[in-house]
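Quick notes on the structure that follows.
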Amino acid sequence: MTRSRGNLRSYAICAPGLERFVASELAALGIATGRIDRGGVTFRATTRQLYAANLWSRVSGRILVRLGAFTARTFASLERQAEELNWPDYVGGADPVGFRVTARKSALYHTGAVAERLAQLLGKQPLRASEAIRNRGLLVVVRIDHDRVTISIDSSGAPLHQRGWRLDGAKAPMRETLAAAILAAAGWDGTRPLVDPFCGSGTLPIEAALLARNLAPGANREFAFTRWPSFEPGTWASVREEARLAARAKAGIPIVAADRDMDALDATITNAARAGVSTDLEVRQSQVSELSPPTGSSPGLFASNPPYGRRLSGGTDLRRLYRAIGRVAHDRFPGWSVGLLVANRALGQATGLNLDVAFRSVNGGVPVWFLQSTDASRVAVPPSR
Ligand SMILES: C[S@@+](CC[C@H](N)C(=O)[O-])C[C@H]1O[C@@H](n2cnc3c(N)ncnc32)[C@H](O)[C@@H]1O
C-alpha cells in the first residue's frame with residue numbers, strides 16, 4: 001500500500017513506442033525510473049515530484065499512483081482487501097468516481113461488477129472513466145491479471161496532451177505528446193532552428209516553442225491531484241513558482257510554421273496565442289515546394305507530419321508530394337536534420353532521403369513511424385524532378 005507520501009509508486013502512461021522519452025524526461029526531473037513496459041514507465045516519486053511530473057511531462061498521457069496490489073479470486077476477497085487501501089488520501093466525499101477496469105485470465109473477469117463493488121465500498125455511483133474525467137471527478141484504474149489486482153488512482157485528470165491551448169475542431173491534428181516525442185527523438189533541444197512545412201494547427205512548432213522557452217506544458221491546465229484530500233497546496237504553489245522562474249522570455253531561434261492552407265494557419269495563430277508563444281513563431285503561407293530556410297539561419301530541424309496515405313502505395317498524388325518534400329529538403333536545407341511522421345513507410349522512401357526509423361507509435365489509432373535523417377543532403381536515391 002502507498003502510505004508514505006515520499007514514496008509514491010507511480011506509473012506514467014504513454015503511447016506505445018514513446019516510453020524511452022518519458023523515462024528521460026522523468027530522469028531530467030531527478031526522478032528514479034523503474035520498469036519500462038509497452039505503454040508506460042514505473043517510477044517512485046515524492047509528492048513534489050509527482051506534481052512536477054504532471055506539470056512538466058511533455059510525452060506522458062497520464063500519471064497514475066498505485067494504491068495497492070493483491071490477489072483476489074472472489075468479490076468478497078476483492079472487497080475485503082480493497083477496503084484496507086488508503087482511499088481517504090485520494091477520494092473526497094463529493095467527487096464523482098469513474099472506473100477503468102481490465103481483466104485478463106482471472107476469476108474476476110466481469111469488469112462492470114468489479115467497478116460496482118469498488119464504487120459501493122466508496123459509497124459512490126460507478127461512472128465510466130470518460131464521464132468522471134469530464135465531470136472533474138476521480139479516475140480509479142483497476143488491472144486484474146492472473147488474479148492479481150492492481151488498483152491505481154489517476155493524478156492527471158484530462159489526458160496530459162490536453163495542454164489547454166488547442167482550439168476544438170482542428171483537422172487531423174497530431175497529439176501534443178507525439179509532437180514532443182518527435183522533438184525528443186530528433187534531439188531537438190530548442191537551440192537550433194525548426195521548420196515545419198505542414199504545420200496544420202501548429203502542434204509541432206507550438207510544442208517546439210514551449211520547449212525552447214522552457215515553458216511547462218501543463219502550466220495552463222488543471223490536474224486531478226489538486227482535488228485529492230491529501231493535496232498539498234503549498235508544495236504545488238512552489239512547483240508552479242519554480243516553473244514560472246525557469247521560463248525564458250523568448251525562444252531565441254527561428255521556428256517556422258508553414259502550411260499552404262490559410263484556415264490551418266489561422267488555427268496555428270490562435271493556438272500559439274493561447275499557448276503564449278505567438279512571438280516565437282514565424283507563420284508562413286507556403287506550398288512545400290516554395291519553402292526555404294529562414295534567412296541567414298544555421299541548419300536546424302526540418303520536421304513535419306505531412307498528409308498521410310494509409311494505403312501501402314500511398315496514391316500517386318501523395319507519392320508526388322513526398323518526392324517534393326525530399327527535393328526541397330535536399331536542395332534547400334543541406335545540413336539540416338529531417339524528421340517525418342508517416343503512416344506509410346513507402347511514402348518515406350518516396351522522398352529519396354536516407355531516412356531511418358526513430359520510433360513507431362500510434363496517432364489517433366493509426367500506426368505511425370517517425371523517420372529521420374541527420375542530414376538532408378544524404379540521399380538514398382537522387383531526388384527526382
Ligand atoms: C496531417 S496535416 C498536419 C497536421 C498538424 N501536424 C497538426 O497537428 O495540426 C497536413 C497539413 O499539410 C497541409 N498541406 C497539404 N499539402 C501541402 C503542400 N503541398 N504544401 C504545404 N502544405 C500542405 C495541409 O493543409 C494540412 O494542414
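Each chain in the C-alpha cells gets a letter, A, B and so on, in the order shown; residues start at 1 in every chain, and ligands are counted from 1 in the order they appear.
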
Exercise. Would you give me, as a PyMOL selection string, the residues in stretch 121-301 of chain A that DSSP reads as strand (DSSP E)?
Worked result: chain A and resi 126-128+138-145+148-154+194-196+255-259+282-285+301

Selected residues written out, N, CA and C atoms, as a short mmCIF file (atom, residue, chain, number, x, y, z; two decimals), in the first residue's frame:
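Below you can see again-v1.cif, which holds the result:
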data_model
loop_
_atom_site.label_atom_id
_atom_site.label_comp_id
_atom_site.auth_asym_id
_atom_site.auth_seq_id
_atom_site.Cartn_x
_atom_site.Cartn_y
_atom_site.Cartn_z
N PRO A 126 -20.83 4.09 -9.68
CA PRO A 126 -19.69 3.87 -10.59
C PRO A 126 -19.93 4.57 -11.94
N LEU A 127 -19.09 5.52 -12.28
CA LEU A 127 -19.21 6.19 -13.58
C LEU A 127 -18.23 5.58 -14.56
N ARG A 128 -18.50 5.82 -15.83
CA ARG A 128 -17.49 5.45 -16.83
C ARG A 128 -16.33 6.41 -16.70
N LEU A 138 -12.79 11.69 -10.12
CA LEU A 138 -11.59 10.90 -9.90
C LEU A 138 -11.66 9.65 -10.76
N LEU A 139 -10.51 9.25 -11.28
CA LEU A 139 -10.48 8.02 -12.08
C LEU A 139 -9.70 6.95 -11.31
N VAL A 140 -10.37 5.80 -11.12
CA VAL A 140 -9.70 4.66 -10.48
C VAL A 140 -9.41 3.64 -11.58
N VAL A 141 -8.16 3.23 -11.67
CA VAL A 141 -7.75 2.29 -12.72
C VAL A 141 -7.47 0.93 -12.06
N VAL A 142 -8.19 -0.09 -12.50
CA VAL A 142 -8.04 -1.43 -11.90
C VAL A 142 -7.58 -2.39 -12.99
N ARG A 143 -6.49 -3.05 -12.69
CA ARG A 143 -5.98 -4.03 -13.66
C ARG A 143 -5.95 -5.38 -12.96
N ILE A 144 -6.58 -6.37 -13.57
CA ILE A 144 -6.58 -7.71 -12.97
C ILE A 144 -5.93 -8.65 -13.98
N ASP A 145 -4.85 -9.27 -13.56
CA ASP A 145 -4.09 -10.12 -14.47
C ASP A 145 -3.70 -11.39 -13.71
N ARG A 148 -4.24 -11.23 -10.06
CA ARG A 148 -3.51 -10.19 -9.32
C ARG A 148 -4.21 -8.86 -9.62
N VAL A 149 -4.71 -8.23 -8.58
CA VAL A 149 -5.48 -6.99 -8.75
C VAL A 149 -4.57 -5.80 -8.39
N THR A 150 -4.44 -4.86 -9.33
CA THR A 150 -3.66 -3.65 -9.04
C THR A 150 -4.62 -2.47 -9.14
N ILE A 151 -4.67 -1.68 -8.07
CA ILE A 151 -5.59 -0.53 -8.07
C ILE A 151 -4.77 0.75 -8.02
N SER A 152 -5.04 1.63 -8.98
CA SER A 152 -4.31 2.90 -9.05
C SER A 152 -5.29 4.06 -9.13
N ILE A 153 -4.79 5.23 -8.75
CA ILE A 153 -5.58 6.45 -8.81
C ILE A 153 -4.92 7.36 -9.83
N ASP A 154 -5.73 7.93 -10.70
CA ASP A 154 -5.19 8.85 -11.70
C ASP A 154 -4.89 10.21 -11.06
N LEU A 194 13.91 25.50 -36.31
CA LEU A 194 12.98 24.43 -36.66
C LEU A 194 12.03 24.93 -37.75
N VAL A 195 11.81 24.09 -38.76
CA VAL A 195 10.84 24.42 -39.81
C VAL A 195 9.86 23.26 -39.93
N ASP A 196 8.57 23.55 -39.81
CA ASP A 196 7.52 22.55 -40.05
C ASP A 196 6.76 22.99 -41.30
N ILE A 255 11.57 29.63 -35.45
CA ILE A 255 10.66 28.47 -35.50
C ILE A 255 9.61 28.82 -36.56
N VAL A 256 9.66 28.10 -37.69
CA VAL A 256 8.78 28.43 -38.82
C VAL A 256 7.61 27.44 -38.86
N ALA A 257 6.39 27.98 -38.87
CA ALA A 257 5.18 27.17 -39.02
C ALA A 257 4.61 27.49 -40.39
N ALA A 258 4.73 26.55 -41.34
CA ALA A 258 4.26 26.81 -42.70
C ALA A 258 3.17 25.82 -43.10
N ASP A 259 2.28 26.27 -43.93
CA ASP A 259 1.23 25.41 -44.48
C ASP A 259 0.68 26.16 -45.69
N GLU A 282 7.30 32.05 -36.65
CA GLU A 282 7.17 32.76 -37.92
C GLU A 282 6.17 31.94 -38.74
N VAL A 283 4.97 32.49 -38.92
CA VAL A 283 3.92 31.74 -39.60
C VAL A 283 3.93 32.13 -41.08
N ARG A 284 4.06 31.12 -41.96
CA ARG A 284 4.18 31.40 -43.40
C ARG A 284 3.15 30.61 -44.19
N GLN A 285 2.48 31.29 -45.12
CA GLN A 285 1.64 30.54 -46.05
C GLN A 285 2.52 30.16 -47.22
N LEU A 301 16.30 21.75 -37.69
CA LEU A 301 15.47 20.56 -37.89
C LEU A 301 14.30 20.90 -38.81
#

For this session: Enumerate residues in contact with ligand 1: an atom-to-atom distance of at most 9 Å, counting only C-alpha atoms and all ligand atoms. Format the result as a PyMOL selection string.
Result: chain A and resi 170-176+179+196-204+258-265+267-268+285-291+304-308+318+321+324-325+341

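Comparing A:Leu347, A:Val114, A:Ala27, A:Cys14 by their smallest distance to A:Ala52, the closest is A:Ala27 (using only C-alpha atoms).
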
Exercise. Got a sec: who's within 6 Å of A:Gly61, counting only C-alpha atoms, leaving out chain neighbours fewer than 2 positions off, as a ChimeraX atom specification?
Worked result: /A:13-14,159-161

Any chance you could export the current selection's N, CA, C and O atoms as a compact mmCIF listing (two decimals), in the first residue's frame?
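As written to disk, out02.txt reads:
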# COMPACT_ATOMS: atom_id res chain seq x y z
N ILE A 13 1.80 6.77 -18.08
CA ILE A 13 1.27 6.09 -19.27
C ILE A 13 1.63 6.92 -20.50
O ILE A 13 1.58 8.15 -20.46
N CYS A 14 1.97 6.24 -21.60
CA CYS A 14 2.23 6.98 -22.84
C CYS A 14 1.82 6.12 -24.03
O CYS A 14 1.52 4.94 -23.86
N PRO A 159 -6.48 13.98 -20.11
CA PRO A 159 -5.18 13.48 -20.57
C PRO A 159 -4.17 14.61 -20.71
O PRO A 159 -4.53 15.74 -21.06
N LEU A 160 -2.90 14.29 -20.47
CA LEU A 160 -1.88 15.35 -20.43
C LEU A 160 -1.61 15.99 -21.79
O LEU A 160 -1.03 17.07 -21.84
N HIS A 161 -2.03 15.34 -22.87
CA HIS A 161 -1.83 16.02 -24.16
C HIS A 161 -2.75 17.24 -24.26
O HIS A 161 -2.50 18.15 -25.06

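Rounded to one decimal, atom CA of A:Ala303 and atom CA of A:Gly365 lie 21.5 Å from each other.
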
Those in stretch 128-300 of chain A with alpha helix (DSSP H) from DSSP, as a short mmCIF file (atom, residue, chain, number, x, y, z; two decimals) with all heavy atoms, in the first residue's frame:
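Written out: states.cif:
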data_model
loop_
_atom_site.label_atom_id
_atom_site.label_comp_id
_atom_site.auth_asym_id
_atom_site.auth_seq_id
_atom_site.Cartn_x
_atom_site.Cartn_y
_atom_site.Cartn_z
N ALA A 129 -15.12 5.94 -17.09
CA ALA A 129 -13.91 6.76 -16.93
C ALA A 129 -14.08 8.13 -17.58
O ALA A 129 -13.82 9.17 -16.97
CB ALA A 129 -12.72 6.03 -17.54
N SER A 130 -14.56 8.14 -18.83
CA SER A 130 -14.65 9.41 -19.58
C SER A 130 -15.63 10.37 -18.89
O SER A 130 -15.40 11.58 -18.85
CB SER A 130 -15.10 9.14 -21.01
OG SER A 130 -16.31 8.40 -20.97
N GLU A 131 -16.70 9.80 -18.33
CA GLU A 131 -17.72 10.61 -17.66
C GLU A 131 -17.13 11.27 -16.40
O GLU A 131 -17.34 12.45 -16.15
CB GLU A 131 -18.85 9.67 -17.26
CG GLU A 131 -20.23 10.24 -17.33
CD GLU A 131 -21.22 9.15 -16.94
OE1 GLU A 131 -20.96 7.95 -17.20
OE2 GLU A 131 -22.23 9.51 -16.36
N ALA A 132 -16.36 10.48 -15.66
CA ALA A 132 -15.76 11.01 -14.43
C ALA A 132 -14.78 12.13 -14.76
O ALA A 132 -14.76 13.18 -14.11
CB ALA A 132 -15.04 9.89 -13.67
N ILE A 133 -13.98 11.93 -15.82
CA ILE A 133 -12.98 12.95 -16.19
C ILE A 133 -13.68 14.22 -16.64
O ILE A 133 -13.31 15.33 -16.26
CB ILE A 133 -12.03 12.39 -17.27
CG1 ILE A 133 -11.15 11.32 -16.66
CG2 ILE A 133 -11.17 13.50 -17.88
CD1 ILE A 133 -10.40 10.47 -17.64
N ARG A 134 -14.74 14.04 -17.45
CA ARG A 134 -15.49 15.22 -17.93
C ARG A 134 -16.06 16.02 -16.76
O ARG A 134 -16.13 17.23 -16.79
CB ARG A 134 -16.63 14.75 -18.83
CG ARG A 134 -16.66 15.46 -20.15
CD ARG A 134 -17.86 15.16 -21.03
NE ARG A 134 -18.84 14.22 -20.59
CZ ARG A 134 -18.87 12.92 -20.95
NH1 ARG A 134 -17.96 12.44 -21.75
NH2 ARG A 134 -19.82 12.12 -20.51
N GLU A 176 -0.24 16.49 -28.99
CA GLU A 176 0.85 17.32 -28.48
C GLU A 176 1.97 16.43 -27.92
O GLU A 176 3.16 16.75 -28.06
CB GLU A 176 0.33 18.24 -27.38
CG GLU A 176 -0.68 19.28 -27.84
CD GLU A 176 -2.11 18.76 -28.03
OE1 GLU A 176 -2.33 17.53 -28.09
OE2 GLU A 176 -3.02 19.58 -28.14
N THR A 177 1.58 15.32 -27.29
CA THR A 177 2.56 14.41 -26.70
C THR A 177 3.42 13.75 -27.79
O THR A 177 4.61 13.53 -27.61
CB THR A 177 1.84 13.33 -25.87
OG1 THR A 177 0.65 12.93 -26.58
CG2 THR A 177 1.41 13.87 -24.53
N LEU A 178 2.79 13.48 -28.94
CA LEU A 178 3.54 12.88 -30.04
C LEU A 178 4.49 13.92 -30.65
O LEU A 178 5.64 13.61 -31.00
CB LEU A 178 2.55 12.37 -31.10
CG LEU A 178 3.10 11.59 -32.27
CD1 LEU A 178 3.95 10.39 -31.82
CD2 LEU A 178 1.95 11.08 -33.15
N ALA A 179 4.04 15.16 -30.75
CA ALA A 179 4.91 16.24 -31.25
C ALA A 179 6.13 16.37 -30.33
O ALA A 179 7.27 16.50 -30.80
CB ALA A 179 4.14 17.55 -31.30
N ALA A 180 5.90 16.29 -29.04
CA ALA A 180 7.02 16.39 -28.08
C ALA A 180 7.97 15.21 -28.25
O ALA A 180 9.19 15.37 -28.15
CB ALA A 180 6.47 16.45 -26.65
N ALA A 181 7.41 14.03 -28.54
CA ALA A 181 8.27 12.85 -28.74
C ALA A 181 9.11 13.00 -30.01
O ALA A 181 10.27 12.59 -30.05
CB ALA A 181 7.41 11.58 -28.83
N ILE A 182 8.54 13.63 -31.03
CA ILE A 182 9.29 13.87 -32.28
C ILE A 182 10.51 14.75 -31.97
O ILE A 182 11.63 14.47 -32.41
CB ILE A 182 8.37 14.54 -33.32
CG1 ILE A 182 7.41 13.50 -33.87
CG2 ILE A 182 9.16 15.24 -34.42
CD1 ILE A 182 6.38 14.04 -34.85
N LEU A 183 10.28 15.80 -31.19
CA LEU A 183 11.38 16.70 -30.85
C LEU A 183 12.44 15.96 -30.04
O LEU A 183 13.65 16.11 -30.26
CB LEU A 183 10.85 17.92 -30.08
CG LEU A 183 9.86 18.78 -30.87
CD1 LEU A 183 9.22 19.83 -29.96
CD2 LEU A 183 10.55 19.47 -32.06
N ALA A 184 11.97 15.12 -29.10
CA ALA A 184 12.92 14.37 -28.27
C ALA A 184 13.72 13.39 -29.14
O ALA A 184 14.95 13.27 -29.01
CB ALA A 184 12.18 13.63 -27.16
N ALA A 185 13.03 12.68 -30.04
CA ALA A 185 13.70 11.69 -30.88
C ALA A 185 14.73 12.36 -31.79
O ALA A 185 15.78 11.80 -32.09
CB ALA A 185 12.68 10.94 -31.73
N THR A 203 0.70 22.19 -34.04
CA THR A 203 1.09 21.40 -32.86
C THR A 203 2.61 21.32 -32.68
O THR A 203 3.12 21.60 -31.59
CB THR A 203 0.52 19.97 -32.96
OG1 THR A 203 -0.83 20.06 -33.40
CG2 THR A 203 0.59 19.25 -31.64
N LEU A 204 3.32 20.95 -33.76
CA LEU A 204 4.76 20.74 -33.61
C LEU A 204 5.51 22.05 -33.34
O LEU A 204 6.28 22.13 -32.37
CB LEU A 204 5.31 20.03 -34.86
CG LEU A 204 6.77 19.61 -34.81
CD1 LEU A 204 7.02 18.58 -33.73
CD2 LEU A 204 7.21 19.04 -36.16
N PRO A 205 5.29 23.13 -34.12
CA PRO A 205 6.01 24.37 -33.80
C PRO A 205 5.62 24.96 -32.44
O PRO A 205 6.48 25.53 -31.76
CB PRO A 205 5.63 25.33 -34.93
CG PRO A 205 4.70 24.62 -35.82
CD PRO A 205 4.60 23.20 -35.43
N ILE A 206 4.38 24.78 -32.02
CA ILE A 206 4.00 25.31 -30.70
C ILE A 206 4.69 24.51 -29.58
O ILE A 206 5.24 25.08 -28.64
CB ILE A 206 2.46 25.33 -30.52
CG1 ILE A 206 1.86 26.36 -31.49
CG2 ILE A 206 2.06 25.64 -29.07
CD1 ILE A 206 0.34 26.34 -31.59
N GLU A 207 4.69 23.18 -29.73
CA GLU A 207 5.42 22.37 -28.74
C GLU A 207 6.90 22.74 -28.73
O GLU A 207 7.54 22.78 -27.67
CB GLU A 207 5.27 20.87 -29.05
CG GLU A 207 3.96 20.27 -28.60
CD GLU A 207 3.74 20.33 -27.08
OE1 GLU A 207 4.67 20.01 -26.33
OE2 GLU A 207 2.64 20.73 -26.66
N ALA A 208 7.44 23.02 -29.93
CA ALA A 208 8.86 23.40 -30.03
C ALA A 208 9.09 24.72 -29.30
O ALA A 208 10.07 24.86 -28.54
CB ALA A 208 9.26 23.52 -31.50
N ALA A 209 8.19 25.68 -29.48
CA ALA A 209 8.36 26.98 -28.82
C ALA A 209 8.26 26.82 -27.30
O ALA A 209 9.03 27.44 -26.54
CB ALA A 209 7.31 27.96 -29.33
N LEU A 210 7.33 25.98 -26.84
CA LEU A 210 7.21 25.75 -25.38
C LEU A 210 8.51 25.18 -24.83
O LEU A 210 8.99 25.59 -23.77
CB LEU A 210 6.04 24.79 -25.09
CG LEU A 210 4.63 25.31 -25.37
CD1 LEU A 210 3.61 24.17 -25.25
CD2 LEU A 210 4.25 26.43 -24.40
N LEU A 211 9.09 24.24 -25.60
CA LEU A 211 10.33 23.61 -25.17
C LEU A 211 11.48 24.62 -25.19
O LEU A 211 12.26 24.72 -24.22
CB LEU A 211 10.64 22.43 -26.10
CG LEU A 211 11.89 21.61 -25.83
CD1 LEU A 211 11.79 20.92 -24.48
CD2 LEU A 211 12.08 20.55 -26.91
N ALA A 212 11.58 25.38 -26.28
CA ALA A 212 12.69 26.35 -26.42
C ALA A 212 12.64 27.38 -25.29
O ALA A 212 13.67 27.87 -24.84
CB ALA A 212 12.62 27.03 -27.77
N PRO A 233 -1.33 22.23 -1.13
CA PRO A 233 -1.33 23.46 -1.94
C PRO A 233 0.01 24.19 -1.90
O PRO A 233 0.44 24.75 -2.92
CB PRO A 233 -2.43 24.33 -1.30
CG PRO A 233 -3.13 23.47 -0.33
CD PRO A 233 -2.34 22.24 -0.07
N GLY A 234 0.69 24.15 -0.78
CA GLY A 234 1.98 24.85 -0.67
C GLY A 234 3.02 24.22 -1.59
O GLY A 234 3.77 24.92 -2.28
N THR A 235 3.04 22.89 -1.61
CA THR A 235 4.01 22.18 -2.48
C THR A 235 3.71 22.51 -3.93
O THR A 235 4.60 22.81 -4.73
CB THR A 235 3.90 20.65 -2.25
OG1 THR A 235 4.04 20.41 -0.86
CG2 THR A 235 4.93 19.88 -3.03
N TRP A 236 2.44 22.48 -4.28
CA TRP A 236 2.03 22.75 -5.67
C TRP A 236 2.38 24.20 -6.05
O TRP A 236 2.91 24.45 -7.13
CB TRP A 236 0.54 22.47 -5.82
CG TRP A 236 -0.08 22.71 -7.17
CD1 TRP A 236 -1.28 23.31 -7.40
CD2 TRP A 236 0.41 22.33 -8.46
NE1 TRP A 236 -1.56 23.33 -8.75
CE2 TRP A 236 -0.53 22.74 -9.43
CE3 TRP A 236 1.57 21.69 -8.90
CZ2 TRP A 236 -0.35 22.54 -10.80
CZ3 TRP A 236 1.75 21.49 -10.27
CH2 TRP A 236 0.80 21.91 -11.20
N ALA A 237 2.13 25.12 -5.15
CA ALA A 237 2.44 26.54 -5.44
C ALA A 237 3.94 26.68 -5.68
O ALA A 237 4.38 27.40 -6.59
CB ALA A 237 1.99 27.42 -4.29
N SER A 238 4.73 25.96 -4.91
CA SER A 238 6.17 26.08 -5.06
C SER A 238 6.65 25.43 -6.36
O SER A 238 7.54 25.96 -7.04
CB SER A 238 6.83 25.51 -3.79
OG SER A 238 7.94 24.77 -4.09
N VAL A 239 6.05 24.32 -6.76
CA VAL A 239 6.41 23.67 -8.04
C VAL A 239 6.05 24.61 -9.20
O VAL A 239 6.83 24.79 -10.15
CB VAL A 239 5.66 22.31 -8.18
CG1 VAL A 239 5.78 21.76 -9.59
CG2 VAL A 239 6.19 21.31 -7.18
N ARG A 240 4.91 25.25 -9.10
CA ARG A 240 4.49 26.18 -10.17
C ARG A 240 5.37 27.42 -10.22
O ARG A 240 5.73 27.91 -11.28
CB ARG A 240 3.02 26.59 -9.96
CG ARG A 240 2.05 25.49 -10.38
CD ARG A 240 0.62 25.92 -10.12
NE ARG A 240 0.26 27.07 -10.91
CZ ARG A 240 -0.20 27.03 -12.16
NH1 ARG A 240 -0.38 25.86 -12.75
NH2 ARG A 240 -0.50 28.12 -12.81
N GLU A 241 5.73 27.91 -9.06
CA GLU A 241 6.58 29.11 -9.00
C GLU A 241 7.96 28.82 -9.59
O GLU A 241 8.53 29.63 -10.33
CB GLU A 241 6.68 29.58 -7.53
CG GLU A 241 7.57 30.78 -7.30
CD GLU A 241 7.11 32.05 -8.03
OE1 GLU A 241 6.04 32.05 -8.67
OE2 GLU A 241 7.87 33.04 -7.97
N GLU A 242 8.47 27.63 -9.27
CA GLU A 242 9.77 27.24 -9.82
C GLU A 242 9.70 27.21 -11.35
O GLU A 242 10.61 27.66 -12.04
CB GLU A 242 10.12 25.84 -9.30
CG GLU A 242 11.57 25.63 -9.03
CD GLU A 242 11.79 24.30 -8.33
OE1 GLU A 242 11.83 23.25 -9.01
OE2 GLU A 242 11.89 24.32 -7.10
N ALA A 243 8.57 26.70 -11.86
CA ALA A 243 8.39 26.64 -13.32
C ALA A 243 8.31 28.05 -13.90
O ALA A 243 8.88 28.34 -14.95
CB ALA A 243 7.12 25.85 -13.65
N ARG A 244 7.62 28.93 -13.21
CA ARG A 244 7.48 30.30 -13.71
C ARG A 244 8.85 30.97 -13.81
O ARG A 244 9.17 31.62 -14.79
CB ARG A 244 6.56 31.08 -12.75
CG ARG A 244 6.00 32.36 -13.33
CD ARG A 244 5.14 33.10 -12.31
NE ARG A 244 5.90 33.60 -11.16
CZ ARG A 244 6.70 34.65 -11.18
NH1 ARG A 244 6.84 35.35 -12.27
NH2 ARG A 244 7.37 35.02 -10.09
N LEU A 245 9.68 30.72 -12.80
CA LEU A 245 11.01 31.34 -12.79
C LEU A 245 11.95 30.73 -13.84
O LEU A 245 12.88 31.38 -14.30
CB LEU A 245 11.63 31.21 -11.40
CG LEU A 245 10.91 31.98 -10.28
CD1 LEU A 245 11.50 31.66 -8.92
CD2 LEU A 245 10.96 33.49 -10.55
N ALA A 246 11.67 29.46 -14.20
CA ALA A 246 12.56 28.77 -15.15
C ALA A 246 12.28 29.16 -16.60
O ALA A 246 13.07 28.87 -17.49
CB ALA A 246 12.39 27.25 -15.00
N MET A 262 -4.76 28.57 -45.50
CA MET A 262 -4.89 29.73 -44.60
C MET A 262 -5.72 29.39 -43.35
O MET A 262 -5.43 29.89 -42.26
CB MET A 262 -5.54 30.89 -45.39
CG MET A 262 -5.18 32.25 -44.85
SD MET A 262 -3.41 32.50 -44.55
CE MET A 262 -3.45 33.27 -42.96
N ASP A 263 -6.73 28.51 -43.48
CA ASP A 263 -7.52 28.14 -42.30
C ASP A 263 -6.63 27.44 -41.26
O ASP A 263 -6.74 27.67 -40.06
CB ASP A 263 -8.67 27.20 -42.67
CG ASP A 263 -9.76 27.94 -43.44
OD1 ASP A 263 -9.75 29.19 -43.41
OD2 ASP A 263 -10.59 27.27 -44.08
N ALA A 264 -5.75 26.58 -41.78
CA ALA A 264 -4.83 25.88 -40.87
C ALA A 264 -3.95 26.91 -40.17
O ALA A 264 -3.75 26.85 -38.94
CB ALA A 264 -3.97 24.89 -41.64
N LEU A 265 -3.45 27.88 -40.93
CA LEU A 265 -2.56 28.89 -40.32
C LEU A 265 -3.32 29.76 -39.31
O LEU A 265 -2.75 30.16 -38.29
CB LEU A 265 -1.90 29.73 -41.41
CG LEU A 265 -0.94 28.95 -42.31
CD1 LEU A 265 -0.41 29.83 -43.41
CD2 LEU A 265 0.23 28.36 -41.49
N ASP A 266 -4.60 30.04 -39.60
CA ASP A 266 -5.40 30.79 -38.62
C ASP A 266 -5.47 30.01 -37.31
O ASP A 266 -5.36 30.58 -36.22
CB ASP A 266 -6.82 31.03 -39.15
CG ASP A 266 -6.84 32.16 -40.19
OD1 ASP A 266 -5.86 32.93 -40.24
OD2 ASP A 266 -7.82 32.24 -40.95
N ALA A 267 -5.66 28.69 -37.44
CA ALA A 267 -5.71 27.85 -36.22
C ALA A 267 -4.37 27.90 -35.50
O ALA A 267 -4.31 28.01 -34.26
CB ALA A 267 -6.08 26.41 -36.59
N THR A 268 -3.27 27.86 -36.26
CA THR A 268 -1.93 27.93 -35.66
C THR A 268 -1.77 29.24 -34.88
O THR A 268 -1.29 29.25 -33.74
CB THR A 268 -0.83 27.84 -36.74
OG1 THR A 268 -0.87 26.55 -37.32
CG2 THR A 268 0.55 28.09 -36.18
N ILE A 269 -2.20 30.34 -35.53
CA ILE A 269 -2.03 31.66 -34.90
C ILE A 269 -2.83 31.74 -33.60
O ILE A 269 -2.33 32.18 -32.56
CB ILE A 269 -2.45 32.77 -35.91
CG1 ILE A 269 -1.41 32.83 -37.04
CG2 ILE A 269 -2.58 34.13 -35.22
CD1 ILE A 269 -1.84 33.63 -38.26
N THR A 270 -4.08 31.24 -33.64
CA THR A 270 -4.91 31.29 -32.44
C THR A 270 -4.34 30.38 -31.35
O THR A 270 -4.25 30.77 -30.18
CB THR A 270 -6.36 30.85 -32.78
OG1 THR A 270 -6.77 31.58 -33.92
CG2 THR A 270 -7.31 31.09 -31.64
N ASN A 271 -3.94 29.17 -31.76
CA ASN A 271 -3.39 28.23 -30.77
C ASN A 271 -2.10 28.78 -30.14
O ASN A 271 -1.89 28.66 -28.93
CB ASN A 271 -3.10 26.88 -31.42
CG ASN A 271 -4.38 26.09 -31.68
OD1 ASN A 271 -5.39 26.29 -31.02
ND2 ASN A 271 -4.34 25.19 -32.65
N ALA A 272 -1.26 29.38 -30.99
CA ALA A 272 0.01 29.92 -30.48
C ALA A 272 -0.26 31.05 -29.48
O ALA A 272 0.41 31.15 -28.44
CB ALA A 272 0.88 30.42 -31.63
N ALA A 273 -1.27 31.86 -29.78
CA ALA A 273 -1.60 32.95 -28.85
C ALA A 273 -2.08 32.37 -27.52
O ALA A 273 -1.68 32.83 -26.44
CB ALA A 273 -2.67 33.84 -29.46
N ARG A 274 -2.91 31.33 -27.61
CA ARG A 274 -3.42 30.73 -26.37
C ARG A 274 -2.30 30.06 -25.57
O ARG A 274 -2.34 30.01 -24.34
CB ARG A 274 -4.51 29.72 -26.69
CG ARG A 274 -5.82 30.40 -27.14
CD ARG A 274 -6.70 29.46 -27.93
NE ARG A 274 -7.05 28.27 -27.19
CZ ARG A 274 -8.26 28.03 -26.69
NH1 ARG A 274 -9.24 28.88 -26.87
NH2 ARG A 274 -8.48 26.93 -26.02
N ALA A 275 -1.28 29.56 -26.29
CA ALA A 275 -0.15 28.92 -25.60
C ALA A 275 0.87 29.96 -25.13
O ALA A 275 1.83 29.62 -24.44
CB ALA A 275 0.53 27.92 -26.55
#

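Of the residues under consideration (A:Ala32, A:Ala376, A:Leu281, A:Val97), A:Ala376 shows the shortest atom-to-atom contact distance to A:Trp336 when counting only C-alpha atoms.
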
For this session: Would you kindly return, as a VMD selection string, each protein, DNA or RNA residue with an atom no farther than 9 Å from any atom of stretch 349-355 of chain A, considering only C-alpha atoms and excluding same-chain residues fewer than 4 positions away?
Result: chain A and resid 319 to 327 329 to 330 338 to 340 345 371 to 384

For this session: Show which residues sit within 9 Å of A:Ile36, as a list in words. Count only C-alpha atoms, and ignore same-chain residues fewer than 6 positions away.
Result: Glu19, Arg20, Ala23 and Thr42 of chain A

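The shortest atom-to-atom distance to A:Leu121, with only C-alpha atoms taken into account, belongs to A:Arg80 out of A:Ser106, A:Ala158, A:Ala15, A:Arg80.
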
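Considering only C-alpha atoms, the residue among A:Ser10, A:Phe370, A:Ala69, A:Arg100 positioned nearest to A:Gln49 is A:Ser10.
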
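Among the candidates A:Ala94, A:Leu167, A:Ala216, A:Ala224, the one nearest to A:Gln125 when counting only C-alpha atoms is A:Ala94.
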